[in-house]
Amino acid sequence: MERLQAAIDKARTQRDRGDAPQSPALEVAEPLQALETAWLALPEIRLSRWLLHRRRIVALQSGPTSAPYDILRTRVAQQAQANDWHRIAVVSPHSNTGKSTTAANLAFGLARKQGIRSIVIDADLRRSGLGTLLGQKGQTPMSDVLEGVVPFSEIARRYGSNLIFGLGFGVARNPSEILQSARAQGVLKEIEATYAPDIMIFDMPPLSASDDNLGFLTQVDAALIVVEAGKTSMKQIDVAESQVSDLTNVMGIVLNKCRYMSGAYGYEENYY
């Protein structure tokens, strides 16, 4: 994306100076074609809609059940664009809040917005639950990718033309050290250079589980905090917000597992 923008800026500069542009259409087309080629080279993810429905992945298409996630994805996209945010972590104060479910639904919601390319990476190296949630199987842990042992393209799966899942399987021996390493940051920059995503979503481990988030959250632009209705206390929310705000921007707090009876999202339905 940076190469594409650089080509456009160069053509504008030549135009403003009155110089004859050196094939600006070709300068723009070449990086764009390389980007399209990189995306289409990735294998498509195979999904069971029946399984996803059972696991409350409901944002593959618009409708009554996807409405809360559609609102979330629009707010996320608006904030990202307004603040020039690209890396967004999804965290939680504790386990079982539905953090990975929220990350997956957010991703599928963004995939239905034209003009936004998204990459979702399972950065919970202690559990690797996102792939299981989506009904996928594999042998390669995400730690091998972040350490540069395995290329990202080997574990990446494409959904449609504008969403990529980076799914790892297995548990890393030293997840905190890997997430905080310079090598992991180099790998992420390589992914961004190759696929030019508008938004990268990182499904992180719970804040209370370890120090995995402490080093990594300084490398993202903002974080969403997912809390569980009726289970997460106000004290836990306050502590989580304080922890995250010390490291990055707090994009917002998502109240999950909450049922509405009043049609709060425009439909007379109950919501998870």
# chains A, B, ... in the order shown; residues from 1 in each chain; ligands from 1
$ select_by_dssp --residues "range 35-263 of chain A" --states "alpha helix (DSSP H)" --output "number ranges by chain"
A: 35-40, 49-54, 67-83, 99-111, 129-133, 142-146, 152-155, 175-179, 182-195, 212-216, 234-245
$ residues_around --residues "Gln243 in chain A" --least-positions-apart "2" --cutoff "10 Å" --atoms "only C-alpha atoms" --output "number ranges by chain"
A: 93, 207, 213-214, 217, 237-241, 245-248, 250
$ write_last_selection --atoms "N, CA and C atoms" --output "compact mmCIF listing (two decimals), in the first residue's frame"
# COMPACT_ATOMS: atom_id res chain seq x y z
N PRO A 93 -10.29 -9.04 30.13
CA PRO A 93 -9.73 -9.07 31.49
C PRO A 93 -9.44 -10.49 31.96
N LEU A 207 -5.77 -10.67 29.67
CA LEU A 207 -4.79 -9.82 30.35
C LEU A 207 -4.30 -10.41 31.66
N ASN A 213 0.68 -9.74 26.89
CA ASN A 213 0.18 -8.50 26.32
C ASN A 213 1.08 -7.30 26.58
N LEU A 214 1.82 -7.34 27.67
CA LEU A 214 2.52 -6.14 28.13
C LEU A 214 3.49 -5.59 27.09
N LEU A 217 1.31 -5.05 23.24
CA LEU A 217 0.33 -3.98 23.06
C LEU A 217 0.99 -2.64 22.75
N ILE A 237 -12.95 -4.51 34.94
CA ILE A 237 -13.00 -3.62 33.77
C ILE A 237 -12.08 -2.42 33.99
N ASP A 238 -12.13 -1.83 35.17
CA ASP A 238 -11.27 -0.67 35.47
C ASP A 238 -9.80 -1.04 35.39
N VAL A 239 -9.45 -2.20 35.94
CA VAL A 239 -8.04 -2.63 35.91
C VAL A 239 -7.60 -2.89 34.48
N ALA A 240 -8.45 -3.56 33.69
CA ALA A 240 -8.11 -3.85 32.30
C ALA A 240 -7.94 -2.56 31.50
N GLU A 241 -8.85 -1.62 31.67
CA GLU A 241 -8.76 -0.35 30.94
C GLU A 241 -7.50 0.40 31.32
N SER A 245 -4.58 1.20 28.64
CA SER A 245 -4.31 2.61 28.36
C SER A 245 -2.87 2.99 28.64
N ASP A 246 -2.20 2.25 29.51
CA ASP A 246 -0.78 2.50 29.76
C ASP A 246 0.09 2.07 28.59
N LEU A 247 -0.46 1.22 27.71
CA LEU A 247 0.34 0.62 26.64
C LEU A 247 -0.07 1.09 25.25
N THR A 248 -1.36 1.37 25.08
CA THR A 248 -1.85 1.78 23.75
C THR A 248 -3.18 2.50 23.92
N VAL A 250 -7.20 2.87 23.97
CA VAL A 250 -8.38 2.04 24.21
C VAL A 250 -9.42 2.43 23.17
$ select_by_dssp --residues "range 24-253 of chain A" --states "strand (DSSP E or B)" --output "VMD selection string"
chain A and resid 44 87 to 91 118 to 122 156 to 159 163 to 166 199 to 203 222 to 228 249 to 253
$ write_last_selection --atoms "N, CA and C atoms" --output "short mmCIF file (atom, residue, chain, number, x, y, z; two decimals), in the first residue's frame"
data_model
loop_
_atom_site.label_atom_id
_atom_site.label_comp_id
_atom_site.auth_asym_id
_atom_site.auth_seq_id
_atom_site.Cartn_x
_atom_site.Cartn_y
_atom_site.Cartn_z
N GLU A 44 -8.00 -20.60 -0.14
CA GLU A 44 -9.23 -20.17 0.53
C GLU A 44 -9.52 -21.05 1.74
N ARG A 87 -3.26 -1.43 13.37
CA ARG A 87 -3.13 -2.63 14.20
C ARG A 87 -4.06 -2.52 15.40
N ILE A 88 -4.98 -3.49 15.53
CA ILE A 88 -5.96 -3.46 16.60
C ILE A 88 -5.93 -4.79 17.34
N ALA A 89 -5.69 -4.75 18.64
CA ALA A 89 -5.70 -5.95 19.46
C ALA A 89 -7.07 -6.14 20.08
N VAL A 90 -7.47 -7.39 20.24
CA VAL A 90 -8.70 -7.73 20.95
C VAL A 90 -8.30 -8.48 22.21
N VAL A 91 -8.58 -7.87 23.37
CA VAL A 91 -8.14 -8.41 24.65
C VAL A 91 -9.35 -8.59 25.57
N SER A 118 -8.50 -6.81 5.46
CA SER A 118 -8.22 -7.12 6.86
C SER A 118 -7.44 -8.42 6.98
N ILE A 119 -6.58 -8.46 7.98
CA ILE A 119 -5.87 -9.69 8.35
C ILE A 119 -6.11 -9.93 9.84
N VAL A 120 -6.50 -11.14 10.19
CA VAL A 120 -6.72 -11.53 11.58
C VAL A 120 -5.66 -12.55 11.97
N ILE A 121 -4.95 -12.28 13.04
CA ILE A 121 -3.87 -13.16 13.47
C ILE A 121 -4.16 -13.68 14.87
N ASP A 122 -4.09 -14.98 15.03
CA ASP A 122 -4.25 -15.60 16.35
C ASP A 122 -2.94 -15.40 17.12
N ALA A 156 -1.53 -18.97 6.27
CA ALA A 156 -2.58 -18.00 5.98
C ALA A 156 -3.68 -18.63 5.13
N ARG A 157 -4.91 -18.25 5.40
CA ARG A 157 -6.06 -18.71 4.63
C ARG A 157 -6.90 -17.49 4.27
N ARG A 158 -7.34 -17.43 3.03
CA ARG A 158 -8.08 -16.27 2.53
C ARG A 158 -9.58 -16.56 2.54
N TYR A 159 -10.34 -15.55 2.97
CA TYR A 159 -11.80 -15.61 2.89
C TYR A 159 -12.23 -14.51 1.93
N LEU A 163 -10.13 -10.63 3.14
CA LEU A 163 -9.91 -11.06 4.52
C LEU A 163 -8.96 -12.25 4.54
N ILE A 164 -7.96 -12.18 5.40
CA ILE A 164 -7.00 -13.27 5.59
C ILE A 164 -6.97 -13.64 7.06
N PHE A 165 -7.00 -14.95 7.33
CA PHE A 165 -6.82 -15.46 8.68
C PHE A 165 -5.42 -16.05 8.81
N GLY A 166 -4.71 -15.66 9.85
CA GLY A 166 -3.44 -16.27 10.19
C GLY A 166 -3.65 -17.15 11.40
N ILE A 199 -6.53 -3.01 8.01
CA ILE A 199 -6.68 -3.31 9.44
C ILE A 199 -6.10 -4.69 9.72
N MET A 200 -5.28 -4.78 10.78
CA MET A 200 -4.81 -6.06 11.28
C MET A 200 -5.40 -6.25 12.67
N ILE A 201 -6.08 -7.37 12.87
CA ILE A 201 -6.70 -7.69 14.15
C ILE A 201 -5.89 -8.79 14.81
N PHE A 202 -5.55 -8.60 16.08
CA PHE A 202 -4.78 -9.59 16.83
C PHE A 202 -5.63 -10.12 17.97
N ASP A 203 -5.92 -11.42 17.92
CA ASP A 203 -6.66 -12.07 18.99
C ASP A 203 -5.66 -12.43 20.09
N ALA A 222 -4.28 0.39 18.82
CA ALA A 222 -5.41 0.47 19.73
C ALA A 222 -5.84 -0.93 20.13
N ALA A 223 -6.69 -1.00 21.15
CA ALA A 223 -7.18 -2.30 21.61
C ALA A 223 -8.66 -2.21 21.98
N LEU A 224 -9.38 -3.27 21.65
CA LEU A 224 -10.76 -3.46 22.09
C LEU A 224 -10.74 -4.38 23.31
N ILE A 225 -11.48 -4.02 24.34
CA ILE A 225 -11.56 -4.83 25.55
C ILE A 225 -12.92 -5.52 25.57
N VAL A 226 -12.92 -6.84 25.55
CA VAL A 226 -14.17 -7.62 25.55
C VAL A 226 -14.45 -8.10 26.97
N VAL A 227 -15.63 -7.74 27.49
CA VAL A 227 -16.02 -8.15 28.84
C VAL A 227 -17.29 -8.98 28.76
N GLU A 228 -17.54 -9.76 29.80
CA GLU A 228 -18.67 -10.69 29.83
C GLU A 228 -19.77 -10.16 30.74
N ASN A 249 -3.82 2.83 22.82
CA ASN A 249 -5.13 3.50 22.87
C ASN A 249 -6.24 2.49 23.15
N VAL A 250 -7.20 2.87 23.97
CA VAL A 250 -8.38 2.04 24.21
C VAL A 250 -9.42 2.43 23.17
N MET A 251 -9.69 1.53 22.22
CA MET A 251 -10.68 1.81 21.19
C MET A 251 -12.09 1.75 21.74
N GLY A 252 -12.32 0.88 22.71
CA GLY A 252 -13.64 0.76 23.30
C GLY A 252 -13.76 -0.51 24.12
N ILE A 253 -14.90 -0.65 24.79
CA ILE A 253 -15.19 -1.84 25.59
C ILE A 253 -16.43 -2.51 25.00
#
$ residues_around --residues "Trp50 in chain A" --least-positions-apart "4" --cutoff "12 Å" --atoms "only C-alpha atoms" --output "mmCIF file with C-alpha atoms, in the first residue's frame"
data_model
loop_
_atom_site.group_PDB
_atom_site.id
_atom_site.type_symbol
_atom_site.label_atom_id
_atom_site.label_comp_id
_atom_site.auth_asym_id
_atom_site.auth_seq_id
_atom_site.Cartn_x
_atom_site.Cartn_y
_atom_site.Cartn_z
ATOM 1 C CA ARG A 54 -23.361 -23.352 16.523
ATOM 2 C CA ARG A 55 -20.311 -21.420 17.715
ATOM 3 C CA ARG A 56 -22.078 -18.059 17.357
ATOM 4 C CA ILE A 57 -20.128 -16.864 14.335
ATOM 5 C CA VAL A 58 -23.027 -14.960 12.801
ATOM 6 C CA LEU A 60 -20.841 -13.884 7.503
ATOM 7 C CA LEU A 134 -13.478 -21.721 12.978
ATOM 8 C CA GLY A 135 -13.333 -25.498 12.608
#
$ residues_around --residues "Gly129 in chain A" --least-positions-apart "5" --cutoff "9 Å" --atoms "only C-alpha atoms" --output "MDAnalysis selection string"
chainID A and resid 100 122 124 134 167:169
$ residues_around --residues "Phe216 in chain A" --least-positions-apart "3" --cutoff "6 Å" --atoms "only C-alpha atoms" --output "JSON, numbers by chain"
{"A": [179, 180, 213, 219]}
$ atom_distance --atom1 "CA of Ala123 in chain A" --atom2 "CA of Gln61 in chain A"
25.6 Å
$ atom_distance --atom1 "CA of Lys231 in chain A" --atom2 "CA of Gly98 in chain A"
11.7 Å
$ residues_around --residues "Gln139 in chain A" --least-positions-apart "6" --cutoff "12 Å" --atoms "only C-alpha atoms" --output "PyMOL selection string"
chain A and resi 128+131+150+154-155+167-171
$ closest_residue --among "A:Pro197, A:Gly109, A:Gly186, A:Pro175" --to "Ser62 in chain A" --atoms "only C-alpha atoms"
A:Gly109
